[in-house]
$ cat start.cif   # mmCIF, C-alpha atoms
data_structure
#
loop_
_atom_site.label_atom_id
_atom_site.label_comp_id
_atom_site.auth_asym_id
_atom_site.auth_seq_id
_atom_site.Cartn_x
_atom_site.Cartn_y
_atom_site.Cartn_z
CA MET A 3 150.13 92.20 102.07
CA PHE A 4 148.39 95.43 103.02
CA ALA A 5 146.37 95.30 99.79
CA THR A 6 145.37 91.70 100.53
CA MET A 7 144.19 92.61 104.05
CA LYS A 8 142.29 95.59 102.64
CA ASN A 9 140.51 93.38 100.09
CA THR A 10 139.65 90.84 102.79
CA VAL A 11 138.14 93.52 105.04
CA ALA A 12 136.12 94.93 102.14
CA ARG A 13 134.82 91.46 101.28
CA ASN A 14 133.82 90.80 104.89
CA VAL A 15 132.00 94.14 105.10
CA LEU A 16 130.10 93.29 101.92
CA ILE A 17 129.07 89.91 103.35
CA LEU A 18 127.83 91.58 106.53
CA LEU A 19 125.81 94.08 104.52
CA LEU A 20 124.18 91.29 102.53
CA VAL A 21 123.33 89.39 105.72
CA TYR A 22 121.97 92.26 107.78
CA PHE A 23 120.52 94.40 105.00
CA PRO A 24 118.95 91.97 102.54
CA LYS A 25 117.53 93.27 99.30
CA SER A 26 113.91 94.40 99.18
CA SER A 27 111.30 91.65 99.09
CA ALA A 28 109.45 93.48 96.32
CA GLU A 29 109.10 91.30 93.25
CA ARG A 30 107.25 91.25 89.95
CA LYS A 31 105.24 88.08 89.36
CA ASP A 32 102.48 86.67 87.24
CA LEU A 33 99.79 85.95 89.86
CA THR A 34 97.38 84.18 87.53
CA GLY A 35 95.66 81.48 89.59
CA LYS A 36 96.89 83.05 92.85
CA MET A 37 95.29 85.05 95.65
CA PHE A 38 96.34 87.16 98.62
CA THR A 39 94.97 85.75 101.88
CA PHE A 40 94.52 88.06 104.89
CA PRO A 41 93.75 85.56 107.69
CA VAL A 42 93.25 87.88 110.69
CA GLU A 43 92.22 91.37 111.69
CA SER A 44 95.27 93.54 112.26
CA ASN A 45 96.65 97.04 111.90
CA THR A 46 99.82 95.75 110.24
CA ALA A 47 99.10 93.14 107.54
CA HIS A 48 99.00 94.63 104.04
CA ILE A 49 100.30 94.41 100.49
CA MET A 50 102.29 97.27 98.97
CA LEU A 51 101.89 97.59 95.19
CA VAL A 52 104.26 99.37 92.82
CA PRO A 53 102.48 100.80 89.76
CA ASN A 54 103.78 100.33 86.23
CA GLN A 55 103.56 104.09 85.78
CA SER A 56 103.42 107.10 88.09
CA LYS A 57 102.02 109.77 85.81
CA SER A 58 99.14 112.04 86.84
CA LEU A 59 95.75 110.38 86.48
CA THR A 60 92.67 112.12 85.07
CA ALA A 61 90.64 108.91 84.97
CA VAL A 62 90.69 105.65 86.92
CA THR A 63 89.29 102.15 86.77
CA VAL A 64 90.10 99.69 89.57
CA CYS A 65 88.86 96.10 89.37
CA LEU A 66 89.33 93.29 91.88
CA ARG A 67 87.66 90.20 93.29
CA PHE A 68 87.21 89.59 97.01
CA PHE A 69 86.02 86.69 99.19
CA SER A 70 85.08 87.47 102.78
CA ASP A 71 82.56 86.72 105.51
CA GLN A 72 82.90 90.10 107.23
CA THR A 73 79.80 92.21 107.87
CA ARG A 74 81.75 95.18 109.21
CA ALA A 75 83.39 97.87 107.10
CA GLN A 76 86.71 97.06 105.44
CA SER A 77 89.10 98.62 102.94
CA LEU A 78 89.41 97.01 99.51
CA PHE A 79 91.85 99.41 97.81
CA SER A 80 93.82 102.39 99.12
CA PHE A 81 95.71 104.78 96.80
CA ALA A 82 97.49 107.63 98.60
CA THR A 83 99.77 110.47 97.49
CA PRO A 84 101.85 112.83 99.63
CA ALA A 85 99.19 115.52 99.11
CA ASN A 86 96.28 113.37 100.28
CA PRO A 87 96.04 109.85 101.78
CA ASN A 88 92.56 109.53 100.26
CA SER A 89 93.55 110.06 96.63
CA PHE A 90 91.42 107.08 95.54
CA ILE A 91 89.83 104.75 98.08
CA LEU A 92 87.48 101.84 97.43
CA TYR A 93 85.80 101.01 100.71
CA LYS A 94 83.11 98.49 101.61
CA HIS A 95 80.72 99.35 104.45
CA VAL A 96 78.07 96.83 105.48
CA ASN A 97 76.97 94.32 102.86
CA SER A 98 75.85 95.87 99.58
CA VAL A 99 77.10 99.37 100.52
CA TYR A 100 80.29 100.77 99.00
CA GLU A 101 82.16 104.06 99.04
CA ILE A 102 84.57 105.79 96.70
CA ASN A 103 86.65 108.50 98.35
CA GLN A 104 88.67 110.72 96.03
CA TYR A 105 90.56 113.62 97.63
CA ASP A 106 88.07 113.55 100.54
CA ASN A 107 85.11 113.80 98.17
CA ILE A 108 82.90 110.83 99.00
CA VAL A 109 80.08 109.09 97.19
CA VAL A 110 78.21 106.10 98.66
CA PHE A 111 76.57 103.39 96.55
CA ARG A 112 73.79 101.25 98.03
CA GLY A 113 71.89 98.17 96.94
CA LEU A 114 74.77 96.49 95.09
CA GLU A 115 74.38 92.81 95.85
CA ASP A 116 77.43 90.99 97.14
CA ILE A 117 77.48 87.52 98.65
CA PRO A 118 79.44 86.44 101.78
CA ASN A 119 81.79 83.49 101.35
CA GLN A 120 81.78 83.76 97.56
CA TRP A 121 83.95 85.60 95.08
CA ASN A 122 82.57 89.03 94.27
CA SER A 123 83.81 91.11 91.32
CA VAL A 124 84.00 94.88 91.85
CA CYS A 125 85.03 97.65 89.44
CA ALA A 126 85.18 101.34 90.40
CA THR A 127 85.54 104.15 87.87
CA TRP A 128 86.08 107.93 87.94
CA ASP A 129 86.50 110.45 85.14
CA SER A 130 87.88 113.92 85.86
CA THR A 131 86.27 115.50 82.79
CA THR A 132 82.72 114.80 83.95
CA GLY A 133 83.40 114.09 87.63
CA ILE A 134 81.30 110.95 87.30
CA ALA A 135 82.02 107.89 89.45
CA GLN A 136 80.36 104.50 89.14
CA LEU A 137 80.59 101.02 90.63
CA TRP A 138 79.99 97.61 89.12
CA VAL A 139 79.40 94.70 91.50
CA ASN A 140 79.06 91.23 90.01
CA GLY A 141 78.20 92.75 86.66
CA LYS A 142 75.47 95.08 87.93
CA PRO A 143 76.06 98.84 87.58
CA SER A 144 75.35 101.43 90.25
CA THR A 145 73.74 104.76 89.60
CA ARG A 146 76.25 107.30 88.27
CA LYS A 147 77.24 109.95 90.82
CA GLY A 148 79.25 113.15 90.74
CA LEU A 149 82.47 112.82 92.72
CA ARG A 150 85.16 115.38 91.78
CA ARG A 151 85.10 117.29 88.53
CA GLY A 152 88.38 118.58 87.18
CA GLY A 153 91.84 118.08 88.59
CA ASN A 154 93.88 114.92 88.65
CA ILE A 155 95.62 112.47 90.95
CA SER A 156 99.28 113.38 91.07
CA GLY A 157 102.30 112.64 93.22
CA GLU A 158 104.30 109.52 94.05
CA PRO A 159 101.65 106.88 94.80
CA SER A 160 101.44 104.60 97.80
CA ILE A 161 99.06 101.77 96.86
CA ILE A 162 97.99 99.33 99.56
CA LEU A 163 95.68 96.33 99.79
CA GLY A 164 94.28 95.15 103.11
CA GLN A 165 94.37 98.46 104.99
CA GLU A 166 93.18 102.04 104.57
CA GLN A 167 95.91 104.67 104.76
CA ASP A 168 95.05 107.46 107.18
CA SER A 169 98.43 108.96 106.38
CA TYR A 170 100.69 108.48 103.38
CA GLY A 171 101.96 104.89 103.59
CA GLY A 172 100.56 104.05 107.01
CA THR A 173 98.46 104.82 110.12
CA PHE A 174 96.19 101.78 109.82
CA ASP A 175 93.05 101.00 111.80
CA LYS A 176 92.40 97.35 112.70
CA ALA A 177 88.64 97.96 112.49
CA GLN A 178 89.03 98.85 108.77
CA SER A 179 91.35 95.99 107.86
CA PHE A 180 90.37 93.48 105.19
CA VAL A 181 89.91 89.84 106.27
CA GLY A 182 89.55 87.30 103.47
CA MET A 183 91.04 86.81 100.03
CA LEU A 184 91.76 89.15 97.12
CA THR A 185 92.61 88.29 93.53
CA ASP A 186 92.68 89.69 89.97
CA VAL A 187 93.64 93.24 90.97
CA HIS A 188 93.95 95.58 87.97
CA MET A 189 94.08 99.36 87.56
CA TRP A 190 93.80 101.49 84.41
CA ASP A 191 94.36 105.18 83.69
CA SER A 192 91.05 105.34 81.82
CA VAL A 193 87.38 104.51 82.33
CA LEU A 194 86.68 101.07 80.93
CA SER A 195 83.69 100.61 78.67
CA TYR A 196 80.70 98.50 79.61
CA SER A 197 81.90 95.67 77.37
CA GLU A 198 85.39 95.71 78.91
CA ILE A 199 83.99 95.56 82.44
CA ALA A 200 81.70 92.71 81.36
CA LEU A 201 84.74 90.78 80.08
CA TYR A 202 86.48 91.24 83.43
CA THR A 203 83.39 90.33 85.47
CA ASN A 204 82.77 87.19 83.46
CA ARG A 205 86.44 86.15 83.54
CA ILE A 206 86.71 86.17 79.76
CA PRO A 207 90.33 86.49 78.59
CA HIS A 208 91.05 89.81 76.86
CA THR A 209 94.07 91.88 75.95
CA ASN A 210 93.27 95.01 77.95
CA ASP A 211 94.89 94.17 81.30
CA GLY A 212 95.55 97.01 83.70
CA ASN A 213 98.26 99.41 82.51
CA VAL A 214 98.81 100.92 85.99
CA LEU A 215 98.49 97.65 87.93
CA ASN A 216 98.44 94.28 86.18
CA TRP A 217 97.77 91.05 88.11
CA GLU A 218 99.73 89.12 85.50
CA SER A 219 102.83 91.25 86.11
CA LEU A 220 102.52 92.65 89.62
CA ASP A 221 105.30 94.30 91.62
CA PHE A 222 104.37 93.79 95.28
CA THR A 223 105.67 93.41 98.81
CA CYS A 224 103.90 91.48 101.59
CA LYS A 225 103.95 93.11 105.02
CA GLY A 226 102.86 91.20 108.13
CA TYR A 227 100.54 88.21 108.13
CA VAL A 228 99.55 87.96 104.45
CA ILE A 229 99.93 84.81 102.38
CA VAL A 230 100.20 84.32 98.61
CA GLU A 231 98.31 81.12 97.80
CA ASP A 232 96.90 79.16 94.90
CA LEU A 233 93.20 79.70 94.39
CA VAL A 234 91.62 77.02 96.55
CA SER A 235 89.80 74.15 94.85
CA GLY A 236 86.04 74.58 95.23
CA MET A 237 86.44 78.35 95.56
CA SER A 238 87.19 79.09 91.91
CA VAL A 239 86.50 82.64 90.78
#

$ encode --input "start.cif" --output "structure tokens"
Amino acid sequence: MFATMKNTVARNVLILLLVYFPKSSAERKDLTGKMFTFPVESNTAHIMLVPNQSKSLTAVTVCLRFFSDQTRAQSLFSFATPANPNSFILYKHVNSVYEINQYDNIVVFRGLEDIPNQWNSVCATWDSTTGIAQLWVNGKPSTRKGLRRGGNISGEPSIILGQEQDSYGGTFDKAQSFVGMLTDVHMWDSVLSYSEIALYTNRIPHTNDGNVLNWESLDFTCKGYVIVEDLVSGMSV
């Protein structure tokens, strides 16, 4: 009888744990034909991404597409490590002006045409060996600029869409939040070639999906007011 009561208590405790401490909402999904919608300005709404690998990075390519009507500055991609919240930041200032921030080394790119209320394709690259960073917006390359030569990006990553991390994993500013839609987010541990970036920009299927982040197999968690939706008819990328 005592054993039966003990088993009953243990079962009830387990049920309570499952009710009050549900498993993480993180999940890996193929998001082909989907988008993340950030409907309002906030200092809470964001997407947390879990990379497929956490090794040190000596080169980076990040590609994504965004749709927004904002004229103010907003964060497109925020990669932080415990050592530095600005390990790799892709940031959009006013229209046609972008910034890459890598370990608080900043380069600004001007004159890269983007169009409000349309999908815009953006790829950002950095190579430790040369220190060169470059942006591609809707297939047009920026000038090549020196960012940070030598070193790597190391440490457990915190990767966030929709907000810029002023501290590792948090401290968001509403005035920097992204408002609009994001899709086709990929990240590589290498600098893509011109032809590979052209394939991405022109939405031509290819085999070289991101090996750090892959939109077709993405591990993510939604925090706050963010919605996963089908790409809206008439707004095809």

$ closest_residue --input "start.cif" --among "A:Gly164, A:Pro159, A:Gly148, A:Gly35" --to "Asn86 (chain A)" --atoms "only C-alpha atoms"
A:Pro159

$ residues_around --input "start.cif" --residues "Lys147 (chain A)" --least-positions-apart "4" --cutoff "8 Å" --atoms "only C-alpha atoms" --output "MDAnalysis selection string"
chainID A and resid 109 134:136

$ residues_near_point --input "start.cif" --point "(72.6, 99.6, 105.4)" --cutoff "12 Å" --atoms "all atoms listed in the file" --output "list in words"
Thr73, Arg74, Ala75, Lys94, His95, Val96, Asn97, Ser98, Val99, Tyr100, Val110, Phe111, Arg112, Gly113, Leu114 and Glu115 of chain A

$ resolve_selection --input "start.cif" --expression "the PyMOL selection byres ((chain A and resi 177) around 12)" --output "list in words"
Val42, Glu43, Ser44, Asn45, Thr46, Gln72, Thr73, Arg74, Ala75, Gln76, Ser77, His95, Gly164, Gln165, Glu166, Phe174, Asp175, Lys176, Gln178, Ser179, Phe180 and Val181 of chain A

$ residues_near_point --input "start.cif" --point "(91.9, 85.8, 102.5)" --cutoff "10 Å" --atoms "all atoms listed in the file" --output "list in words"
Met37, Phe38, Thr39, Phe40, Pro41, Val42, Phe68, Phe69, Ser70, Asp71, Gly164, Phe180, Val181, Gly182, Met183, Leu184, Thr185, Val228, Ile229, Val230 and Glu231 of chain A

$ resolve_selection --input "start.cif" --expression "the PyMOL selection byres ((chain A and resi 197-200) around 12)" --output "PyMOL selection string"
chain A and resi 63-66+123-127+136-143+188-190+192-196+201-212

$ atom_distance --input "start.cif" --atom1 "CA of Val234 (chain A)" --atom2 "CA of Asp186 (chain A)"
14.3 Å

$ resolve_selection --input "start.cif" --expression "the PyMOL selection byres ((chain A and resi 55) around 12)" --output "mmCIF file with C-alpha atoms, in the coordinates of the input"
data_model
loop_
_atom_site.group_PDB
_atom_site.id
_atom_site.type_symbol
_atom_site.label_atom_id
_atom_site.label_comp_id
_atom_site.auth_asym_id
_atom_site.auth_seq_id
_atom_site.Cartn_x
_atom_site.Cartn_y
_atom_site.Cartn_z
ATOM 1 C CA LEU A 51 101.890 97.590 95.190
ATOM 2 C CA VAL A 52 104.260 99.370 92.820
ATOM 3 C CA PRO A 53 102.480 100.800 89.760
ATOM 4 C CA ASN A 54 103.780 100.330 86.230
ATOM 5 C CA SER A 56 103.420 107.100 88.090
ATOM 6 C CA LYS A 57 102.020 109.770 85.810
ATOM 7 C CA SER A 58 99.140 112.040 86.840
ATOM 8 C CA LEU A 59 95.750 110.380 86.480
ATOM 9 C CA SER A 156 99.280 113.380 91.070
ATOM 10 C CA GLY A 157 102.300 112.640 93.220
ATOM 11 C CA GLU A 158 104.300 109.520 94.050
ATOM 12 C CA PRO A 159 101.650 106.880 94.800
ATOM 13 C CA MET A 189 94.080 99.360 87.560
ATOM 14 C CA TRP A 190 93.800 101.490 84.410
ATOM 15 C CA ASP A 191 94.360 105.180 83.690
ATOM 16 C CA GLY A 212 95.550 97.010 83.700
ATOM 17 C CA ASN A 213 98.260 99.410 82.510
ATOM 18 C CA VAL A 214 98.810 100.920 85.990
ATOM 19 C CA LEU A 215 98.490 97.650 87.930
ATOM 20 C CA ASN A 216 98.440 94.280 86.180
ATOM 21 C CA ASP A 221 105.300 94.300 91.620
#

$ atom_distance --input "start.cif" --atom1 "CA of Pro84 (chain A)" --atom2 "CA of Lys31 (chain A)"
27.0 Å

$ closest_residue --input "start.cif" --among "A:Gln120, A:Tyr227, A:Gln167, A:Glu218" --to "Thr83 (chain A)" --atoms "all atoms listed in the file"
A:Gln167

$ atom_distance --input "start.cif" --atom1 "CA of Tyr170 (chain A)" --atom2 "CA of Arg146 (chain A)"
28.8 Å

$ build_atoms --input "start.cif" --residues "region 56-70 of chain A" --atoms "N, CA, C and O atoms" --output "short mmCIF file (atom, residue, chain, number, x, y, z; two decimals), keeping the file's coordinate frame"
data_model
loop_
_atom_site.label_atom_id
_atom_site.label_comp_id
_atom_site.auth_asym_id
_atom_site.auth_seq_id
_atom_site.Cartn_x
_atom_site.Cartn_y
_atom_site.Cartn_z
N SER A 56 103.72 106.18 87.00
CA SER A 56 103.42 107.10 88.09
C SER A 56 102.98 108.47 87.57
O SER A 56 103.14 109.47 88.25
N LYS A 57 102.44 108.51 86.37
CA LYS A 57 102.02 109.77 85.81
C LYS A 57 100.72 110.24 86.48
O LYS A 57 100.02 109.46 87.13
N SER A 58 100.39 111.52 86.31
CA SER A 58 99.14 112.04 86.84
C SER A 58 97.96 111.34 86.18
O SER A 58 98.00 111.04 84.97
N LEU A 59 96.92 111.09 86.97
CA LEU A 59 95.75 110.38 86.48
C LEU A 59 94.56 111.32 86.39
O LEU A 59 94.22 111.99 87.36
N THR A 60 93.91 111.35 85.24
CA THR A 60 92.67 112.12 85.07
C THR A 60 91.48 111.20 84.91
O THR A 60 90.36 111.67 84.74
N ALA A 61 91.71 109.91 84.99
CA ALA A 61 90.64 108.91 84.97
C ALA A 61 91.19 107.64 85.62
O ALA A 61 92.39 107.39 85.59
N VAL A 62 90.28 106.85 86.18
CA VAL A 62 90.69 105.65 86.92
C VAL A 62 89.64 104.56 86.74
O VAL A 62 88.43 104.83 86.76
N THR A 63 90.11 103.34 86.55
CA THR A 63 89.29 102.15 86.77
C THR A 63 90.10 101.19 87.63
O THR A 63 91.26 100.92 87.33
N VAL A 64 89.50 100.72 88.71
CA VAL A 64 90.10 99.69 89.57
C VAL A 64 89.14 98.50 89.60
O VAL A 64 87.95 98.67 89.88
N CYS A 65 89.65 97.32 89.29
CA CYS A 65 88.86 96.10 89.37
C CYS A 65 89.57 95.09 90.26
O CYS A 65 90.81 94.98 90.23
N LEU A 66 88.79 94.35 91.03
CA LEU A 66 89.33 93.29 91.88
C LEU A 66 88.22 92.33 92.25
O LEU A 66 87.03 92.62 92.05
N ARG A 67 88.63 91.17 92.77
CA ARG A 67 87.66 90.20 93.29
C ARG A 67 88.02 89.93 94.76
O ARG A 67 89.19 89.81 95.11
N PHE A 68 86.98 89.85 95.59
CA PHE A 68 87.21 89.59 97.01
C PHE A 68 86.30 88.48 97.51
O PHE A 68 85.21 88.24 96.97
N PHE A 69 86.74 87.80 98.56
CA PHE A 69 86.02 86.69 99.19
C PHE A 69 86.14 86.92 100.69
O PHE A 69 87.24 86.91 101.24
N SER A 70 85.03 87.15 101.36
CA SER A 70 85.08 87.47 102.78
C SER A 70 83.75 87.14 103.43
O SER A 70 82.71 87.12 102.77
#
